[in-house]
Amino acid sequence: MVDKPVETLPSAREESTALLDGGGEPAAVERTLAAVLASVVRTEHVPVDSHFFDDLGADSLVMAHFCARVRKRGDLPSVSMKDVYRHPTIRDLATALTDDQPLPQADPEAAAPTAESAAPPRTPVGSPAGMRQYVLCGALQLVAFLGYFYGIAFGTAVGYEWISAGSGLLDTYSRSVVFGGVAFVGLCAFPVLAKWTLVGRWKPRNIPIWSLSYVRFWIVKTLVRSDPLVLFSGSPLYLLYLRALGAKVGRGAVVLSRQVPVCTDLLTIGDGTVVRKDSLFACYRAHASVIQTGPVALGRNVLVSEATVLDIDTSMGDGAQLGHASSLHRGQAVPDGEHWHGSPAQRTDVDYQVVGSARCGAVRRAAHSVAQLLVVLAVYAPLAVGGLVAMLVEVPQLRTALEPGPAVLGDGTFYIEALVISFVLVLGAVPAGLLVLTVVPRLLGLTITPGRTYRLYGFHFEAHRTIALLTNWKFLKRLFGDSSAIVHYLKGLGYDLSRVEQTGSNFGTEMKHETPYLSSVGRGTMIADGLSIMNADFSSTAFRVSRVSIGPRNFLGNRIAYPTRGRTGDNCLLATKVMVPVDGEVREGVGLLGSPSFEIPRSVLRDSSFDRFRRPEELRRGLAAKTRHNVATMAWYLLSRWIYVFALALLVTAAAELYGPLGVTGLVLADLLVLLLTIAYFVLVERVVTALRPLRPLFCSIYTPDFWQHERYWKVPSETYLRIFNGTPFKNVIWRALGVRLGRMVFDDGCHLTERAMAAIGDGSTLNSGSVVQCHSQEDGAFKSDRITIGSGCTLGVGAFVHYGTTVGDGAVLGPDSFLMKGEVVPRNAWWAGNPARPIPSHGEDERRSAPWQS
């Protein structure tokens with residue numbers, strides 16, 4: 001579908017608000033719906049048998065406005081976008097609505113939410129925190145930051161002094177092994193000790209955000225998720241870590257997700273259960289300025305597929321399955337042996353377990369864990385620790401800085417050398433990375449046969465994980481993405497791209513795979529950001545890699561997990577967050593939306609101003625101009641990273657100089673300076689990029705300078721550093737510096753804002769981890785962007801996705817893993833959930849707090 005702004009449609013008479021006779025008869029509803037749609041599309045008359053998309057030329061944005069108008073009326077049943085797609089004429093829609101539910105009585109103040117899913121249990125919440133608590137919380141978090149920095153600096157100083165006193169290479173290596181091992185064990189054990197000291201055992205409760213109890217929660221959450229053992233996800237060592245934190249994990253379980261659960265005492269994982277990557281099951285959620293903790297219980301031999309969300313107070317019985325791109329909402333329980341999918345999940349007959357069992361006993365798992373520890377302690381830790389010491393000792397400028405004498409920073413030669421070294425580090429990473437990524441993973445790939453089942457925790461398992469780790473390096477994908485160069489890069493990695501039809505936007509900057517050698521994308525297909533190609537399937541004892549083929553002339557939206565058995569073929573539109581079907585006939589020439597997915601039109605009438613880019617000569621000119629702009633953007637990207645690395649080199653030298661007179665305190669100051677430099681630098685970079693062309697609503701071709709500048713905005717700035725500040729008041733300060741119109745005391749636990757200056761978020765709103773506020777959409781060759789307004793006291797659930805042009809009223813709640821489609825208007829105090837999101841029954845006033853910004 002290609003959206004067209006409502007303003008471009010013809011003007012017509014205003015909507016008639018007179019109530020129609022006939023009660024709930026379809027004819028009366030038809031006339032009222034036709035009048036509402038006529039007012040939206042600004043025409044005199046809408047035939048009741050005309051197809052919304054094929055005949056009227058409407059698009060999803062127009063129909064979202066239509067749904068919002070209908071929901072405001074008391075004399076009509078509530079209409080969702082899912083209803084519109086399933087019944088694409090006024091007559092069909094009116095018949096379906098009157099069959100499903102009686103027509104409400106006329107009441108202009110009443111809302112008519114649909115009852116698609118049961119409401120979760122009511123949970124009373126407390127009063128909002130005041131500004132004094134907010135400031136105190138931030139101060140205590142800053143103290144915790146400083147304390148952690150001081151501990152790291154002290155350990156670094158002790159290690160440097162001891163290792164540098166070694167004589168000879170063997171002695172230095174031995175000391176590096178000892179100190180590296182002690183440091184590794186300490187970093188692993190400290191979060192566990194902090195959890196048991198500060199919290200003890202987690203229990204179901206409400207923790208007011210910004211309170212002293214919340215500070216303890218935040219410290220434990222931050223430490224638990226920064227533990228080095230997080231890097232061992234998928235390994236038995238990771239399960240030992242979860243058990244040490246209080247989780248009840250059975251024998252033979254496999255957890256591939258790096259999204260570490262926080263309230264681990266409330267987590268139960270049965271024997272032989274598999275939790276695949278990108279699954280969210282933190283055992284807590286933020287709601288209306290309160291942290292709510294609750295259990296997540298998975299029985300024996302359960303399968304939780306990729307890109308799923310498990311809310312608190314959810315469970316799955318023995319042998320149960322949850323499909324990919326699905327979620328369990330609070331209070332949902334999957335019975336023993338049943339298979340569920342969708343968001344919120346519902347029963348299905350699809351079997352998502354495609355890999356059988358193999359011999360993989362306790363001895364094999366223990367041997368694999370011991371081998372991993374030996375590699376870390378004998379190779380990685382000594383290299384990290386000893387390499388740092390070697391750099392400090394062998395680099396003349398740093399060695400001089402550590403010794404009494406004239407300051408290195410006063411030597412002009414140092415700055416020239418630092419510029420050269422930083423240039424080599426940044427620019428040299430490109431050819432070096434290309435060489436490594438096109439050789440080493442390819443050799444490892446020769447050892448793995450597609451379709452063959454291998455046991456876990458052996459050579460083939462480690463080869464597969466190494467391939468995935470190396471070929472998903474984000475630096476090069478961000479550099480080449482959103483340009484013509486990305487197809488050549490992916491081909492070099494091993495993708496099968498057939499005969500490429502170059503568009504300059506074939507792929508975005510964020511995508512991942514299990515193996516590039518079994519990833520196929522057809523000619524003319526364009527893919528937005530966030531694609532995850534699921535080339536591998538797992539059981540608790542074995543894995544298998546298979547080819548994933550995405551057909552030609554497809555368009556894939558954001559945040560899509562594509563499985564090995566995906567049943568889509570040629571000329572398909574896969575909407576944002578869609579659940580790709582793995583059963584039934586192969587879908588071709590259609591669009592798919594939602595979870596579970598349903599069919600929608602592949603496209604609607606295009607804006608005529610873009611038709612010229614279909615002609616070969618116009619396409620060549622547009623593509624050449626776009627490529628030139630993208631090359632300049634790539635140069636901006638490398639230049640910004642070069643300057644940043646150069647600045648870091650200066651700070652490292654300054655730290656070495658401060659270490660002499662100030663000791664460990666000098667290193668702590670240097671750490672803080674690095675953090676402040678990172679914030680100030682990337683805020684400045686983002687401001688510079690948007691200075692000449694500020695972000696604004698767009699409806700344009702991808703071959704126009706406005707879109708190219710938008711691509712530069714996505715690529716050049718960095719957002720990685722923001723994760724450090726999740727759950728703190730400091731993130732709000734940074735968001736405002738980046739242009740977000742942010743209210744007071746907003747709680748952000750890990751939200752991603754794609755266009756900061758186009759988002760407005762009201763006072764006291766709660767943004768959960770994994771939520772996305774995206775003010776744009778690209779669809780084939782068209783680009784659309786618009787502002788998003790989120791009112792005061794709103795809550796975005798874990799993994800929720802808010803699309804462009806939407807408005808969320810004060811006090812409204814968007815449930816976990818929900819997808820709020822473009823153009824939707826969520827009324828004040830409403831509760832919406834699902835993919836696509838729609839109203840669900842009222843949860844009562846005891847589900848939300850009474851806040852001073854609510855009238």
# chains A, B, ... in the order shown; residues from 1 in each chain; ligands from 1

call {"tool": "residues_around", "arguments": {"residues": "Phe461 of chain A", "least_positions_apart": "3", "cutoff": "10 Å", "atoms": "only C-alpha atoms", "output": "JSON, numbers by chain"}}
result
{"A": [448, 454, 455, 456, 457, 458, 464, 465, 466, 542, 543, 544]}

call {"tool": "write_last_selection", "arguments": {"atoms": "C-alpha atoms", "output": "mmCIF file, in the first residue's frame"}}
result
data_model
loop_
_atom_site.group_PDB
_atom_site.id
_atom_site.type_symbol
_atom_site.label_atom_id
_atom_site.label_comp_id
_atom_site.auth_asym_id
_atom_site.auth_seq_id
_atom_site.Cartn_x
_atom_site.Cartn_y
_atom_site.Cartn_z
ATOM 1 C CA ILE A 448 27.892 -27.244 8.089
ATOM 2 C CA TYR A 454 23.650 -31.506 14.539
ATOM 3 C CA ARG A 455 23.971 -31.948 18.272
ATOM 4 C CA LEU A 456 24.270 -28.848 20.429
ATOM 5 C CA TYR A 457 27.482 -27.878 22.197
ATOM 6 C CA GLY A 458 29.917 -29.368 19.709
ATOM 7 C CA HIS A 464 27.449 -21.831 13.457
ATOM 8 C CA ARG A 465 27.469 -19.305 16.306
ATOM 9 C CA THR A 466 30.807 -17.882 15.145
ATOM 10 C CA ALA A 542 20.005 -30.281 18.400
ATOM 11 C CA PHE A 543 19.920 -27.619 15.688
ATOM 12 C CA ARG A 544 19.562 -27.441 11.932
#

call {"tool": "residues_around", "arguments": {"residues": "Ile207 of chain A", "least_positions_apart": "4", "cutoff": "12 Å", "atoms": "only C-alpha atoms", "output": "JSON, numbers by chain"}}
result
{"A": [124, 125, 126, 127, 128, 129, 202, 203, 211, 212, 213, 214, 215, 216, 217, 218, 284, 285, 286, 287, 288, 289, 290, 291, 292, 293, 294]}

call {"tool": "select_by_dssp", "arguments": {"residues": "segment 324-385 of chain A", "states": "strand (DSSP E)", "output": "PyMOL selection string"}}
result
chain A and resi 327-328+333-334+339-341+346-348

call {"tool": "closest_residue", "arguments": {"among": "A:Asp482, A:Val440, A:Leu651, A:Val716", "to": "Leu667 of chain A", "atoms": "only C-alpha atoms"}}
result
A:Leu651

call {"tool": "atom_distance", "arguments": {"atom1": "atom CA of Ser78 of chain A", "atom2": "atom CA of Arg91 of chain A"}}
result
15.7 Å

call {"tool": "atom_distance", "arguments": {"atom1": "atom CA of Glu599 of chain A", "atom2": "atom CA of Met579 of chain A"}}
result
11.6 Å

call {"tool": "residues_around", "arguments": {"residues": "Pro816 of chain A", "least_positions_apart": "4", "cutoff": "7 Å", "atoms": "only C-alpha atoms", "output": "list of chain:residue names"}}
result
A:His329, A:Gly797, A:Val798, A:Gly799, A:Ala800

call {"tool": "atom_distance", "arguments": {"atom1": "atom CA of Leu310 of chain A", "atom2": "atom CA of Val275 of chain A"}}
result
11.0 Å

call {"tool": "residues_around", "arguments": {"residues": "Ile643 of chain A", "least_positions_apart": "5", "cutoff": "10 Å", "atoms": "only C-alpha atoms", "output": "MDAnalysis selection string"}}
result
chainID A and resid 419 422:423 426 638 648:649 681

call {"tool": "closest_residue", "arguments": {"among": "A:Pro228, A:Ile734, A:Pro295, A:Gly524", "to": "Asp265 of chain A", "atoms": "only C-alpha atoms"}}
result
A:Pro295

call {"tool": "closest_residue", "arguments": {"among": "A:Ala418, A:Val668, A:Val487, A:Leu437", "to": "Gln502 of chain A", "atoms": "only C-alpha atoms"}}
result
A:Val487

call {"tool": "select_by_dssp", "arguments": {"residues": "segment 425-493 of chain A", "states": "alpha helix (DSSP H)", "output": "JSON, numbers by chain"}}
result
{"A": [425, 426, 427, 428, 429, 430, 431, 432, 433, 434, 435, 436, 437, 438, 439, 440, 441, 442, 443, 444, 445, 459, 460, 461, 462, 463, 464, 465, 466, 467, 468, 469, 470, 471, 474, 475, 476, 477, 478, 479, 480, 485, 486, 487, 488, 489, 490, 491, 492, 493]}

call {"tool": "write_last_selection", "arguments": {"atoms": "C-alpha atoms", "output": "short mmCIF file (atom, residue, chain, number, x, y, z; two decimals), in the first residue's frame"}}
result
data_model
loop_
_atom_site.label_atom_id
_atom_site.label_comp_id
_atom_site.auth_asym_id
_atom_site.auth_seq_id
_atom_site.Cartn_x
_atom_site.Cartn_y
_atom_site.Cartn_z
CA LEU A 425 41.74 2.56 13.19
CA VAL A 426 38.49 3.84 11.67
CA LEU A 427 39.24 3.69 7.95
CA GLY A 428 41.32 0.52 8.31
CA ALA A 429 38.38 -1.25 9.93
CA VAL A 430 36.54 -1.24 6.59
CA PRO A 431 39.01 -3.24 4.42
CA ALA A 432 40.13 -5.37 7.38
CA GLY A 433 36.54 -6.17 8.27
CA LEU A 434 35.65 -7.00 4.67
CA LEU A 435 38.63 -9.34 4.43
CA VAL A 436 37.85 -11.19 7.65
CA LEU A 437 34.11 -11.41 7.09
CA THR A 438 34.38 -12.75 3.56
CA VAL A 439 37.01 -15.40 4.40
CA VAL A 440 36.73 -16.78 7.95
CA PRO A 441 32.93 -17.37 8.10
CA ARG A 442 32.99 -18.86 4.59
CA LEU A 443 35.56 -21.45 5.65
CA LEU A 444 33.52 -22.30 8.75
CA GLY A 445 30.40 -22.56 6.61
CA PHE A 459 32.18 -28.11 16.92
CA HIS A 460 29.34 -27.50 14.46
CA PHE A 461 27.36 -25.58 17.06
CA GLU A 462 30.29 -23.27 17.79
CA ALA A 463 31.04 -22.88 14.07
CA HIS A 464 27.45 -21.83 13.46
CA ARG A 465 27.47 -19.30 16.31
CA THR A 466 30.81 -17.88 15.15
CA ILE A 467 29.42 -17.38 11.64
CA ALA A 468 26.40 -15.55 13.05
CA LEU A 469 28.57 -13.41 15.34
CA LEU A 470 31.07 -12.34 12.67
CA THR A 471 28.70 -11.73 9.76
CA LYS A 474 26.82 -3.74 12.82
CA PHE A 475 29.51 -1.25 11.79
CA LEU A 476 29.66 -2.30 8.13
CA LYS A 477 25.90 -2.81 7.82
CA ARG A 478 25.32 0.71 9.11
CA LEU A 479 27.99 2.05 6.76
CA PHE A 480 26.67 0.39 3.60
CA ALA A 485 26.58 -0.54 -1.72
CA ILE A 486 24.58 -2.76 0.62
CA VAL A 487 23.72 -5.32 -2.06
CA HIS A 488 27.40 -5.76 -2.92
CA TYR A 489 28.27 -6.13 0.76
CA LEU A 490 25.59 -8.76 1.35
CA LYS A 491 26.65 -10.64 -1.79
CA GLY A 492 30.20 -10.63 -0.45
CA LEU A 493 28.94 -12.10 2.82
#

call {"tool": "residues_around", "arguments": {"residues": "Ser532 of chain A", "least_positions_apart": "6", "cutoff": "10 Å", "atoms": "only C-alpha atoms", "output": "number ranges by chain"}}
result
A: 278, 306-307, 510-514, 558-563

call {"tool": "write_last_selection", "arguments": {"atoms": "all heavy atoms", "output": "tab-separated table (two decimals), in the first residue's frame"}}
result
chain	number	residue	atom	x	y	z
A	278	ASP	N	15.86	-13.02	20.92
A	278	ASP	CA	15.00	-11.83	20.84
A	278	ASP	C	13.67	-12.01	21.56
A	278	ASP	O	12.70	-11.29	21.28
A	278	ASP	CB	14.74	-11.44	19.38
A	278	ASP	CG	16.01	-11.04	18.65
A	278	ASP	OD1	16.94	-10.58	19.32
A	278	ASP	OD2	16.08	-11.22	17.42
A	306	GLU	N	11.09	-17.13	18.27
A	306	GLU	CA	11.82	-15.87	18.17
A	306	GLU	C	10.89	-14.66	18.17
A	306	GLU	O	9.75	-14.72	17.70
A	306	GLU	CB	12.65	-15.88	16.88
A	306	GLU	CG	13.63	-14.74	16.75
A	306	GLU	CD	14.67	-15.01	15.69
A	306	GLU	OE1	15.15	-16.14	15.60
A	306	GLU	OE2	14.99	-14.07	14.95
A	307	ALA	N	11.42	-13.53	18.69
A	307	ALA	CA	10.73	-12.23	18.67
A	307	ALA	C	9.38	-12.30	19.38
A	307	ALA	O	8.36	-11.83	18.88
A	307	ALA	CB	10.56	-11.74	17.25
A	510	GLU	N	19.80	-1.98	9.48
A	510	GLU	CA	19.68	-2.94	10.58
A	510	GLU	C	18.99	-4.20	10.08
A	510	GLU	O	17.81	-4.19	9.73
A	510	GLU	CB	18.87	-2.33	11.73
A	510	GLU	CG	19.54	-1.14	12.40
A	510	GLU	CD	18.72	-0.59	13.54
A	510	GLU	OE1	17.76	-1.28	13.95
A	510	GLU	OE2	19.01	0.51	14.01
A	511	MET	N	19.73	-5.29	10.01
A	511	MET	CA	19.18	-6.60	9.69
A	511	MET	C	20.13	-7.65	10.24
A	511	MET	O	21.30	-7.36	10.53
A	511	MET	CB	19.02	-6.77	8.17
A	511	MET	CG	20.30	-6.63	7.39
A	511	MET	SD	20.05	-6.85	5.62
A	511	MET	CE	19.39	-8.50	5.56
A	512	LYS	N	19.64	-8.86	10.42
A	512	LYS	CA	20.50	-9.92	10.94
A	512	LYS	C	20.02	-11.25	10.41
A	512	LYS	O	18.92	-11.39	9.87
A	512	LYS	CB	20.52	-9.90	12.46
A	512	LYS	CG	19.17	-10.02	13.13
A	512	LYS	CD	19.31	-9.82	14.63
A	512	LYS	CE	17.95	-9.81	15.32
A	512	LYS	NZ	18.06	-9.52	16.76
A	513	HIS	N	20.88	-12.24	10.57
A	513	HIS	CA	20.64	-13.58	10.04
A	513	HIS	C	21.36	-14.58	10.93
A	513	HIS	O	22.21	-14.22	11.74
A	513	HIS	CB	21.15	-13.68	8.60
A	513	HIS	CG	22.55	-13.16	8.46
A	513	HIS	ND1	22.84	-11.92	7.93
A	513	HIS	CD2	23.76	-13.68	8.84
A	513	HIS	CE1	24.15	-11.71	7.97
A	513	HIS	NE2	24.73	-12.76	8.52
A	514	GLU	N	21.04	-15.85	10.74
A	514	GLU	CA	21.80	-16.91	11.40
A	514	GLU	C	23.01	-17.29	10.55
A	514	GLU	O	24.08	-17.55	11.09
A	514	GLU	CB	20.90	-18.13	11.61
A	514	GLU	CG	19.68	-17.89	12.48
A	514	GLU	CD	19.99	-18.01	13.95
A	514	GLU	OE1	21.17	-18.20	14.30
A	514	GLU	OE2	19.05	-17.92	14.75
A	558	ASN	N	9.17	-2.95	8.79
A	558	ASN	CA	10.09	-2.99	9.92
A	558	ASN	C	9.79	-4.14	10.88
A	558	ASN	O	8.66	-4.60	10.99
A	558	ASN	CB	10.03	-1.68	10.70
A	558	ASN	CG	10.45	-0.50	9.85
A	558	ASN	OD1	9.62	0.17	9.25
A	558	ASN	ND2	11.74	-0.22	9.80
A	559	ARG	N	10.84	-4.60	11.55
A	559	ARG	CA	10.75	-5.56	12.66
A	559	ARG	C	10.03	-6.85	12.26
A	559	ARG	O	9.01	-7.21	12.84
A	559	ARG	CB	10.07	-4.92	13.86
A	559	ARG	CG	10.72	-3.63	14.34
A	559	ARG	CD	12.11	-3.88	14.90
A	559	ARG	NE	12.78	-2.65	15.28
A	559	ARG	CZ	12.96	-2.24	16.54
A	559	ARG	NH1	12.48	-2.97	17.53
A	559	ARG	NH2	13.59	-1.13	16.80
A	560	ILE	N	10.55	-7.52	11.25
A	560	ILE	CA	9.95	-8.77	10.79
A	560	ILE	C	10.93	-9.91	11.04
A	560	ILE	O	12.11	-9.83	10.69
A	560	ILE	CB	9.60	-8.70	9.29
A	560	ILE	CG1	8.50	-7.67	9.06
A	560	ILE	CG2	9.17	-10.06	8.76
A	560	ILE	CD1	8.17	-7.44	7.60
A	561	ALA	N	10.45	-10.98	11.67
A	561	ALA	CA	11.22	-12.21	11.84
A	561	ALA	C	10.74	-13.21	10.78
A	561	ALA	O	9.58	-13.63	10.82
A	561	ALA	CB	11.04	-12.77	13.25
A	562	TYR	N	11.63	-13.58	9.85
A	562	TYR	CA	11.23	-14.46	8.74
A	562	TYR	C	11.78	-15.86	8.99
A	562	TYR	O	12.98	-16.08	9.01
A	562	TYR	CB	11.75	-13.92	7.41
A	562	TYR	CG	10.98	-14.46	6.22
A	562	TYR	CD1	10.03	-13.70	5.58
A	562	TYR	CD2	11.20	-15.76	5.77
A	562	TYR	CE1	9.30	-14.19	4.51
A	562	TYR	CE2	10.47	-16.27	4.71
A	562	TYR	CZ	9.52	-15.48	4.08
A	562	TYR	OH	8.80	-15.98	3.03
A	563	PRO	N	10.89	-16.86	9.18
A	563	PRO	CA	11.34	-18.22	9.55
A	563	PRO	C	11.71	-19.06	8.33
A	563	PRO	O	11.45	-18.68	7.18
A	563	PRO	CB	10.11	-18.79	10.25
A	563	PRO	CG	8.96	-18.11	9.58
A	563	PRO	CD	9.43	-16.73	9.22
